[in-house]
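Below is one structure, written out as structure tokens, with a few remarks after it.
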Amino acid sequence: MEWVNAIIQGILIGGLYALFAAGLSLIFGVMRLVNIAHGDFIVAAAYLAYVVVAATGLHPLVSLVIIVPLSAVAGYALQAGILNRTIGDDLLPPLLVTFGLSVILQNGMLELFTADSRKLDAGLLDIQNFNLLPGVNIGYMPLLMFVAAIIVIAGLQYIFYRTSLGRAFRAVSDDGEIAQIMGLDNRKIFAAAMALSFGVIAIAGVFLAVRANFDPFVGPSRLIFGFEAVIIGGLGNLWGTLVGGIILGVAQAIGAQIDPGWQLLAGHIAFLLVLAIKPRGLFPRIDG
Amino acid sequence: MRKPNQPNRRTVLAGASAMIATPALLHVTRASAQSAKFKVGFVTPSTGPLAGFAEADQFILDGVRAAFSGMQNNGKVVEVEIIVKDSQSSSNRAAEVASELIEQDGVNMLVASATPDTTNPVADQAELNEIPCVTTNAPWQPYFFGRNGNPAEGFDWTYHFFWGLEDVIGNFLNMWNSSGVAKKVGGLFPNDADGNAWGDAKLGLPPALAGAGFDLTDSGRFQMLNNDFSAQISAFKEAQCEIVTGVMIPPDFATFWSQAAQQGFNPKVVTIGKALLFPSVIGSLGNRGDSLTTEVWWSPNHPFSSSLTGQSSKDIASAYETATSKPWTQPIGFNHALFEVVADVVKRSADLGDPAAIIDAIAKTDMKTIVGPVDWKGGNPTNPVKNVKRTPLVGGQWNVKDGKPDLVIVNNDTYPDIPKGGDLKLLG
């Protein structure tokens with residue numbers, strides 16, 4: 001039963017990784033931009049939630065109603081104001097700019113919010129659980145987080161393949177120049193993709209803040225597995241990201257069950273195995 | 001055919017090396033000539049993940065600088081200048097700024113505070129450059145053995161005061177014995193310097209716990225910033241642990257503590273080192289922060305007062321709270337005490353321009369600070385090695401009332417002079 005428990009908890013953690021990685025996967029898919037500062041933006045969203053909750057007294061999950069739109073606007077502005085200037089044939093400039101943003105964000109947050117560790121209190125939801133099988137207790141919060149990851153990915157998938165905005169995303173991703181000839185403004189499409197990505201970042205930020213303590217420097221280390229999940233699943237494939245997250249979570253849980261020292265190693269080994277067998281990830285997108 | 005007057009390779013080399021060496025010579029002469037001014041270099045993690053330890057630095061330095069004015073050495077007024085450098089919470093950066101302080105600022109003495117990541121590189125630089133150095137805010141074993149210290153010889157230029165692992169273990173055991181719960185303990189030790197020292201099978205908690213009749217379930221070292229403690233939680237549940245202990249960083253403890261509740265594991269006593277140090281962390285846990293236990297290095301109720309300003313522990317803590325409207329934290333006492341030692345050394349040293357005279361004064365220190373007695377005379381258990389002084393440590397419990405955390409001393413068996421504020425309560 002220990003093993004069943006380990007695998008179930010691992011799957012739930014996988015949802016968390018996928019949630020952290022979904023926004024990353026989305027913008028890579030649309031504009032081939034690797035946002036190194038993604039984790040720091042998640043932490044920034046967590047601080048935003050902290051401020052909103054402190055000011056309004058809302059439940060952290062209800063505060064999403066305010067934070068998601070705010071964050072999306074910030075994402076649009078970031079892409080339109082800064083990142084669009086760096087997008088071109090060369091992958092390096094946007095990478096460097098987001099790296100710089102990461103440093104600026106961390107120290108900016110330190111100035112604004114000090115090094116104090118924060119957490120958002122979700123009340124009883126945070127600690128209650130139900131008994132699934134003897135010896136297997138599932139917390140409502142991790143379950144909710146997993147469901148949120150599925151909803152977010154299903155939502156993004158819907159936007160991508162069922163709406164005109166999604167068609168535009170796919171068009172600029174497939175061939176930016178032709179898309180422009182057809183009358184699409186790539187810059188606006190990129191900004192819209194970034195806004196969408198930042199909406200997901202806001203959701204991830206609130207769950208991060210509810211789940212564990214955060215401080216200005218916690219972003220990058222929380223995101224490593226997000227990157228791995230994206231790569232395991234196949235770059236730019238959203239459902240693949242969820243599968244990648246679950247594979248990582250379960251591999252780590254099994255490793256930890258053997259010895260906690262093997263927890264991370266098991267995840268990295270799973271990652272390497274997938275890369276060795278399928279170098280482009282499990283579900284690479286058909287286009288190149 | 002060479003012209004006799006033309007410089008050959010050897011004379012050029014000799015001349016060049018003399019020229020390169022001259023500034024060093026000048027530098028040394030200049031440094032040893034200064035005496036009216038005493039420069040102290042202070043390395044502290046003002047930014048980065050350890051910044052919480054340095055939160056009160058500005059407040060402490062303001063008070064200390066005021067108290068330093070008009071201080072005398074051998075009947076003459078000495079101007080003490082404190083140069084503060086940020087380690088950015090990195091040990092590499094700490095070594096870099098320490099060497100800057102020595103080479104460029106020409107400091108007469110180095111002080112450093114907060115975790116082995118700061119104290120060790122600074123002390124290493126001081127030892128190498130033969131500059132007197134005093135450090136604090138890091139358990140003495142990682143400080144001493146982390147620098148490959150040999151207990152028989154010790155170090156020549158570097159001294160340290162803080163408590164050690166034996167103090168933590170003693171206090172944890174005292175608290176657990178007084179709690180009356182089953183002697184089954186779950187251990188959470190990360191794979192870092194602290195976790196490996198605490199979980200060490202020979203020198204850490206395992207042998208001490210076994211000796212005191214406690215069963216320890218230790219499922220192994222985990223990586224820091226862990227996302228999942230399910231394996232540990234199920235092992236603790238299986239072993240029916242009623243006590244959980246370990247040394248963790250705040251985000252790891254918060255993850256563990258949420259998951260413990262979510263997976264139906266409810267221990268009766270949770271005593272964790274490091275993670276439960278700051279009131280802001282306890283505050284962030286909400287009601288789940290209530291009744292957690294931890295070690296207490298310094299509190300406003302410690303019956304000590306500052307040799308520099310005459311303030312009692314309570315005075316300093318409330319002055320800090322008034323000045324910053326933030327709750328007091330334990331590093332305040334130790335960072336203040338660091339400058340008490342500096343002042344004491346400045347007053348007693350036979351010659352402030354001579355590093356040997358300064359280190360002689362440090363070695364002969366015998367004073368009472370805000371964190372307790374500090375001396376490096378040797379010959380008693382509080383000086384486990386030549387360069388280390390162990391300060392008093394007691395056990396405390398957080399009480400959260402209306403969202404405000406308050407640290408209450410619940411066990412003082414190791415140092416009865418520090419008054420107890422209440423009895424240990426069980427969780428849940």
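By order of appearance in the structure tokens: chains A, B, ..., then residues from 1 within every chain, and ligands from 1 in the order shown.
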Write down as a PyMOL selection string the residues of stretch 45-247 of chain B whose backbone DSSP state falls under strand (DSSP E). chain B and resi 72-73+76-77+79-86+109-113+133-136+158-161+184-188+215-218+243-247
Check: which chain B residues lie within 7 Å of chain A using only C-alpha atoms, as a compact mmCIF listing (two decimals) with N, CA and C atoms, in the first residue's frame:
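Listed below is the output, iface.txt:
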# COMPACT_ATOMS: atom_id res chain seq x y z
N PRO B 49 18.98 34.84 -0.03
CA PRO B 49 18.12 34.00 0.81
C PRO B 49 18.41 34.10 2.31
N ALA B 51 19.01 36.88 3.89
CA ALA B 51 18.86 38.28 4.30
C ALA B 51 18.10 38.45 5.61
N GLY B 52 17.26 37.48 5.96
CA GLY B 52 16.52 37.57 7.23
C GLY B 52 17.44 37.71 8.43
N SER B 219 14.51 8.32 7.11
CA SER B 219 14.46 7.61 5.83
C SER B 219 15.55 8.06 4.87
N GLY B 220 16.39 9.01 5.26
CA GLY B 220 17.53 9.37 4.42
C GLY B 220 17.56 10.85 4.08
N ARG B 221 18.66 11.28 3.50
CA ARG B 221 18.85 12.69 3.16
C ARG B 221 18.04 13.04 1.91
N PHE B 222 17.30 14.14 1.98
CA PHE B 222 16.57 14.58 0.80
C PHE B 222 17.17 15.88 0.29
N GLN B 223 16.90 16.21 -0.97
CA GLN B 223 17.43 17.46 -1.54
C GLN B 223 16.61 18.64 -1.04
N SER B 230 5.92 12.77 0.71
CA SER B 230 5.02 11.63 0.93
C SER B 230 5.75 10.41 1.46
N ALA B 231 6.97 10.16 0.94
CA ALA B 231 7.71 8.96 1.37
C ALA B 231 8.03 9.03 2.86
N SER B 234 4.79 8.66 4.96
CA SER B 234 4.27 7.31 5.11
C SER B 234 5.18 6.46 6.01
N PRO B 250 12.76 27.09 5.70
CA PRO B 250 11.32 27.33 5.85
C PRO B 250 10.44 26.76 4.73
N PRO B 251 10.81 26.90 3.43
CA PRO B 251 9.89 26.36 2.41
C PRO B 251 9.72 24.84 2.51
N ALA B 254 7.36 24.09 5.40
CA ALA B 254 5.98 24.41 5.05
C ALA B 254 5.38 23.33 4.15
N THR B 255 6.18 22.84 3.18
CA THR B 255 5.69 21.78 2.30
C THR B 255 5.40 20.52 3.11
N SER B 258 2.20 21.00 5.41
CA SER B 258 0.93 20.92 4.69
C SER B 258 0.64 19.48 4.29
N ALA B 261 -0.58 17.16 7.07
CA ALA B 261 -2.01 17.29 7.35
C ALA B 261 -2.83 16.64 6.25
N GLN B 262 -2.42 16.90 4.99
CA GLN B 262 -3.20 16.37 3.87
C GLN B 262 -3.17 14.86 3.82
N GLN B 263 -2.12 14.26 4.38
CA GLN B 263 -2.04 12.80 4.33
C GLN B 263 -2.33 12.18 5.69
N GLY B 264 -2.94 12.97 6.57
CA GLY B 264 -3.44 12.42 7.82
C GLY B 264 -2.38 12.00 8.81
N SER B 280 8.28 35.68 11.17
CA SER B 280 7.56 35.83 9.90
C SER B 280 7.19 34.47 9.32
N VAL B 281 8.05 33.46 9.54
CA VAL B 281 7.76 32.12 9.02
C VAL B 281 6.58 31.52 9.78
N SER B 284 3.46 33.05 8.75
CA SER B 284 3.00 32.62 7.43
C SER B 284 2.27 31.28 7.50
N LEU B 285 2.52 30.51 8.56
CA LEU B 285 1.86 29.20 8.66
C LEU B 285 0.45 29.32 9.25
N GLY B 286 0.08 30.51 9.70
CA GLY B 286 -1.25 30.69 10.28
C GLY B 286 -1.40 29.88 11.55
Distance query stretch 21-33 of chain A at most 7 Å, only C-alpha atoms, self and fewer than 4 positions along chain excluded, as a VMD selection string: chain A and resid 17 38 94 153 169 to 170 172 to 173 190 193 to 194 197 to 198 200 to 201 226 to 227 229 to 230 235 to 238 241
With N, CA and C atoms kept, could you save the residues just selected as an mmCIF file, in the first residue's frame?
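Output file again_30.cif follows:
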data_model
loop_
_atom_site.group_PDB
_atom_site.id
_atom_site.type_symbol
_atom_site.label_atom_id
_atom_site.label_comp_id
_atom_site.auth_asym_id
_atom_site.auth_seq_id
_atom_site.Cartn_x
_atom_site.Cartn_y
_atom_site.Cartn_z
ATOM 1 N N TYR A 17 3.710 20.165 -11.271
ATOM 2 C CA TYR A 17 4.772 20.468 -12.231
ATOM 3 C C TYR A 17 4.168 20.967 -13.544
ATOM 4 N N HIS A 38 10.371 32.643 -15.967
ATOM 5 C CA HIS A 38 9.027 32.108 -15.710
ATOM 6 C C HIS A 38 8.779 31.859 -14.219
ATOM 7 N N PRO A 94 16.361 36.966 -26.648
ATOM 8 C CA PRO A 94 15.268 36.841 -25.680
ATOM 9 C C PRO A 94 15.680 36.034 -24.452
ATOM 10 N N ILE A 153 -4.892 23.135 -18.793
ATOM 11 C CA ILE A 153 -4.350 22.586 -20.044
ATOM 12 C C ILE A 153 -5.465 22.346 -21.050
ATOM 13 N N PHE A 169 -2.311 31.843 -33.354
ATOM 14 C CA PHE A 169 -1.137 31.325 -32.642
ATOM 15 C C PHE A 169 -0.415 30.290 -33.495
ATOM 16 N N ARG A 170 -1.225 29.340 -34.025
ATOM 17 C CA ARG A 170 -0.613 28.252 -34.788
ATOM 18 C C ARG A 170 0.013 28.797 -36.069
ATOM 19 N N VAL A 172 1.323 31.888 -36.679
ATOM 20 C CA VAL A 172 2.604 32.585 -36.492
ATOM 21 C C VAL A 172 3.675 31.600 -36.055
ATOM 22 N N SER A 173 3.253 30.543 -35.369
ATOM 23 C CA SER A 173 4.214 29.539 -34.937
ATOM 24 C C SER A 173 4.736 28.753 -36.135
ATOM 25 N N PHE A 190 1.903 37.596 -30.456
ATOM 26 C CA PHE A 190 2.857 37.225 -29.404
ATOM 27 C C PHE A 190 2.418 37.799 -28.067
ATOM 28 N N ALA A 193 -0.342 35.830 -26.662
ATOM 29 C CA ALA A 193 0.131 34.549 -26.125
ATOM 30 C C ALA A 193 0.768 34.760 -24.759
ATOM 31 N N MET A 194 1.540 35.845 -24.641
ATOM 32 C CA MET A 194 2.192 36.109 -23.360
ATOM 33 C C MET A 194 1.151 36.443 -22.296
ATOM 34 N N SER A 197 -0.220 33.227 -21.199
ATOM 35 C CA SER A 197 0.775 32.554 -20.374
ATOM 36 C C SER A 197 0.801 33.155 -18.967
ATOM 37 N N PHE A 198 0.658 34.478 -18.892
ATOM 38 C CA PHE A 198 0.684 35.135 -17.579
ATOM 39 C C PHE A 198 -0.582 34.852 -16.783
ATOM 40 N N VAL A 200 -1.973 31.942 -16.768
ATOM 41 C CA VAL A 200 -1.630 30.648 -16.170
ATOM 42 C C VAL A 200 -0.616 30.836 -15.044
ATOM 43 N N ILE A 201 0.333 31.757 -15.253
ATOM 44 C CA ILE A 201 1.327 32.057 -14.214
ATOM 45 C C ILE A 201 0.631 32.497 -12.932
ATOM 46 N N GLY A 226 9.541 21.970 -13.973
ATOM 47 C CA GLY A 226 8.663 22.462 -15.017
ATOM 48 C C GLY A 226 9.343 22.354 -16.377
ATOM 49 N N PHE A 227 10.600 22.776 -16.434
ATOM 50 C CA PHE A 227 11.361 22.676 -17.684
ATOM 51 C C PHE A 227 11.446 21.219 -18.141
ATOM 52 N N ALA A 229 9.475 18.770 -17.400
ATOM 53 C CA ALA A 229 8.164 18.268 -17.807
ATOM 54 C C ALA A 229 7.877 18.681 -19.249
ATOM 55 N N VAL A 230 8.207 19.937 -19.580
ATOM 56 C CA VAL A 230 7.968 20.426 -20.942
ATOM 57 C C VAL A 230 8.758 19.585 -21.950
ATOM 58 N N LEU A 235 8.347 19.458 -26.797
ATOM 59 C CA LEU A 235 8.278 20.917 -26.733
ATOM 60 C C LEU A 235 7.005 21.440 -27.377
ATOM 61 N N GLY A 236 6.305 22.286 -26.644
ATOM 62 C CA GLY A 236 5.143 22.937 -27.218
ATOM 63 C C GLY A 236 3.865 22.111 -27.186
ATOM 64 N N ASN A 237 3.923 20.844 -26.728
ATOM 65 C CA ASN A 237 2.712 20.035 -26.668
ATOM 66 C C ASN A 237 2.121 20.114 -25.261
ATOM 67 N N LEU A 238 0.895 20.659 -25.145
ATOM 68 C CA LEU A 238 0.356 20.952 -23.820
ATOM 69 C C LEU A 238 -0.018 19.694 -23.039
ATOM 70 N N THR A 241 2.962 18.076 -21.779
ATOM 71 C CA THR A 241 3.517 18.678 -20.573
ATOM 72 C C THR A 241 2.907 18.042 -19.328
#
Check stretch 116-208 of chain B with DSSP on the backbone and list each residue it calls alpha helix (DSSP H), as number ranges by chain. B: 116-129, 140-144, 165-179, 193-198, 205-208
Write a file of the selected residues as a CSV table (one decimal), in the first residue's frame, keeping C-alpha atoms.
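Result went into selection.csv, see below:
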chain,number,residue,atom,x,y,z
B,116,PRO,CA,28.6,28.9,7.9
B,117,ASP,CA,28.2,30.3,4.4
B,118,THR,CA,29.3,33.7,5.7
B,119,THR,CA,31.4,32.9,8.8
B,120,ASN,CA,33.7,30.2,7.2
B,121,PRO,CA,34.9,32.0,4.1
B,122,VAL,CA,35.5,35.2,6.0
B,123,ALA,CA,37.4,33.4,8.8
B,124,ASP,CA,39.4,31.5,6.2
B,125,GLN,CA,40.5,34.8,4.5
B,126,ALA,CA,41.4,36.3,7.9
B,127,GLU,CA,43.4,33.3,8.9
B,128,LEU,CA,45.3,33.4,5.6
B,129,ASN,CA,46.0,37.1,5.8
B,140,TRP,CA,30.4,25.8,16.1
B,141,GLN,CA,30.9,22.4,14.6
B,142,PRO,CA,30.2,23.4,11.0
B,143,TYR,CA,32.4,26.5,11.7
B,144,PHE,CA,35.3,24.6,13.2
B,165,LEU,CA,25.0,20.5,18.1
B,166,GLU,CA,25.3,19.1,21.6
B,167,ASP,CA,23.3,22.1,22.9
B,168,VAL,CA,20.5,21.5,20.4
B,169,ILE,CA,20.4,17.8,21.1
B,170,GLY,CA,20.3,18.4,24.8
B,171,ASN,CA,17.5,20.8,24.6
B,172,PHE,CA,15.4,18.8,22.1
B,173,LEU,CA,15.7,15.7,24.4
B,174,ASN,CA,14.8,17.7,27.5
B,175,MET,CA,11.7,19.0,25.7
B,176,TRP,CA,10.6,15.6,24.5
B,177,ASN,CA,11.2,14.0,27.9
B,178,SER,CA,9.0,16.6,29.5
B,179,SER,CA,6.3,16.1,26.9
B,193,ALA,CA,25.9,20.9,5.7
B,194,ASP,CA,23.4,21.2,8.5
B,195,GLY,CA,21.4,18.1,7.6
B,196,ASN,CA,24.4,15.9,7.3
B,197,ALA,CA,25.8,17.1,10.6
B,198,TRP,CA,22.6,16.7,12.5
B,205,LEU,CA,21.2,13.1,16.6
B,206,PRO,CA,21.0,9.3,15.9
B,207,PRO,CA,23.4,8.1,18.6
B,208,ALA,CA,22.2,10.7,21.2
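The nearest approach to A:Ala204 among the residues A:Met182, A:Gly15, A:Asp89, A:Ile269, with only C-alpha atoms taken into account, belongs to A:Gly15.
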Find the spatial neighbours of stretch 369-379 of chain B, counting only C-alpha atoms, within a cut-off of 7 Å - ignore same-chain residues fewer than 4 positions away - and output them as a compact mmCIF listing (two decimals) with C-alpha atoms, in the first residue's frame.
# COMPACT_ATOMS: atom_id res chain seq x y z
CA TRP B 298 18.36 34.64 22.52
CA PHE B 304 21.64 39.49 30.14
CA SER B 305 22.41 43.07 29.21
CA SER B 306 24.71 44.81 26.77
CA SER B 307 28.18 45.74 27.99
CA SER B 313 17.64 42.13 26.35
CA GLY B 333 21.24 39.62 20.19
CA PHE B 334 24.18 37.90 18.53
CA ALA B 337 27.15 40.96 20.94
CA GLU B 340 30.32 44.28 22.16
CA ALA B 363 42.13 35.55 23.24
CA LYS B 364 42.04 37.11 26.70
CA THR B 365 38.41 38.26 26.36
CA ASN B 383 35.20 26.18 25.27
CA LYS B 386 40.52 26.88 21.67
CA ASN B 387 38.72 29.28 19.33
CA VAL B 388 35.11 28.55 20.23
CA LYS B 389 32.80 29.77 22.98
CA THR B 391 26.63 30.40 24.45
CA PRO B 392 23.53 29.29 26.42
For B:Asp402, please output as number ranges by chain all residues within 12 Å (counting only C-alpha atoms; exclusion window: fewer than 6 positions along the same chain). B: 283, 286-287, 289-290
Generate the output file for the selected residues, N, CA and C atoms, as a compact mmCIF listing (two decimals), in the first residue's frame.
# COMPACT_ATOMS: atom_id res chain seq x y z
N GLY B 283 4.31 33.16 11.39
CA GLY B 283 3.13 33.92 11.00
C GLY B 283 2.56 33.43 9.67
N GLY B 286 0.08 30.51 9.70
CA GLY B 286 -1.25 30.69 10.28
C GLY B 286 -1.40 29.88 11.55
N ASN B 287 -2.60 29.30 11.77
CA ASN B 287 -2.83 28.53 12.99
C ASN B 287 -1.98 27.27 13.06
N GLY B 289 1.00 27.17 12.72
CA GLY B 289 2.28 27.51 13.32
C GLY B 289 2.26 27.39 14.83
N ASP B 290 1.07 27.28 15.40
CA ASP B 290 0.95 27.24 16.85
C ASP B 290 1.53 25.95 17.42
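One finds atom CA of B:Val342 at 14.3 Å from atom CA of B:Trp157.
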Show which residues sit within 10 Å of B:Thr217, as a ChimeraX atom specification. Count only C-alpha atoms, and ignore same-chain residues fewer than 6 positions away. /B:184-188,206,232,235-236,238-241,244
Restricting the output to C-alpha atoms, write the selected residues as a PDB file, in the first residue's frame.
ATOM      1  CA  LYS B 184       9.204   7.509  18.572  1.00  0.00           C
ATOM      2  CA  VAL B 185      10.849  10.213  16.501  1.00  0.00           C
ATOM      3  CA  GLY B 186      10.731  10.917  12.775  1.00  0.00           C
ATOM      4  CA  GLY B 187      13.813  12.700  11.426  1.00  0.00           C
ATOM      5  CA  LEU B 188      13.948  15.076   8.451  1.00  0.00           C
ATOM      6  CA  PRO B 206      20.977   9.319  15.917  1.00  0.00           C
ATOM      7  CA  GLN B 232       8.837  10.349   4.710  1.00  0.00           C
ATOM      8  CA  ALA B 235       7.389   5.996   6.885  1.00  0.00           C
ATOM      9  CA  PHE B 236       6.578   8.100   9.962  1.00  0.00           C
ATOM     10  CA  GLU B 238       4.122   3.311   9.634  1.00  0.00           C
ATOM     11  CA  ALA B 239       6.478   3.725  12.634  1.00  0.00           C
ATOM     12  CA  GLN B 240       3.764   5.582  14.607  1.00  0.00           C
ATOM     13  CA  CYS B 241       6.050   8.544  15.279  1.00  0.00           C
ATOM     14  CA  VAL B 244       9.096  14.969  14.368  1.00  0.00           C
TER      15      VAL B 244
END
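For B:Ala361, the non-local neighbours within 8 Å, defined as residues at least 6 positions apart in the same chain or in other chains and counting only C-alpha atoms, are B:Val345, B:Arg348, B:Ser349, B:Ala350.
The gap separating atom CA of B:Leu427 from atom CA of A:Ala49 is 29.6 Å, in Å to one decimal.
The gap separating atom CA of A:Gly14 from atom CA of B:Ile233 is 18.2 Å, in Å to one decimal.
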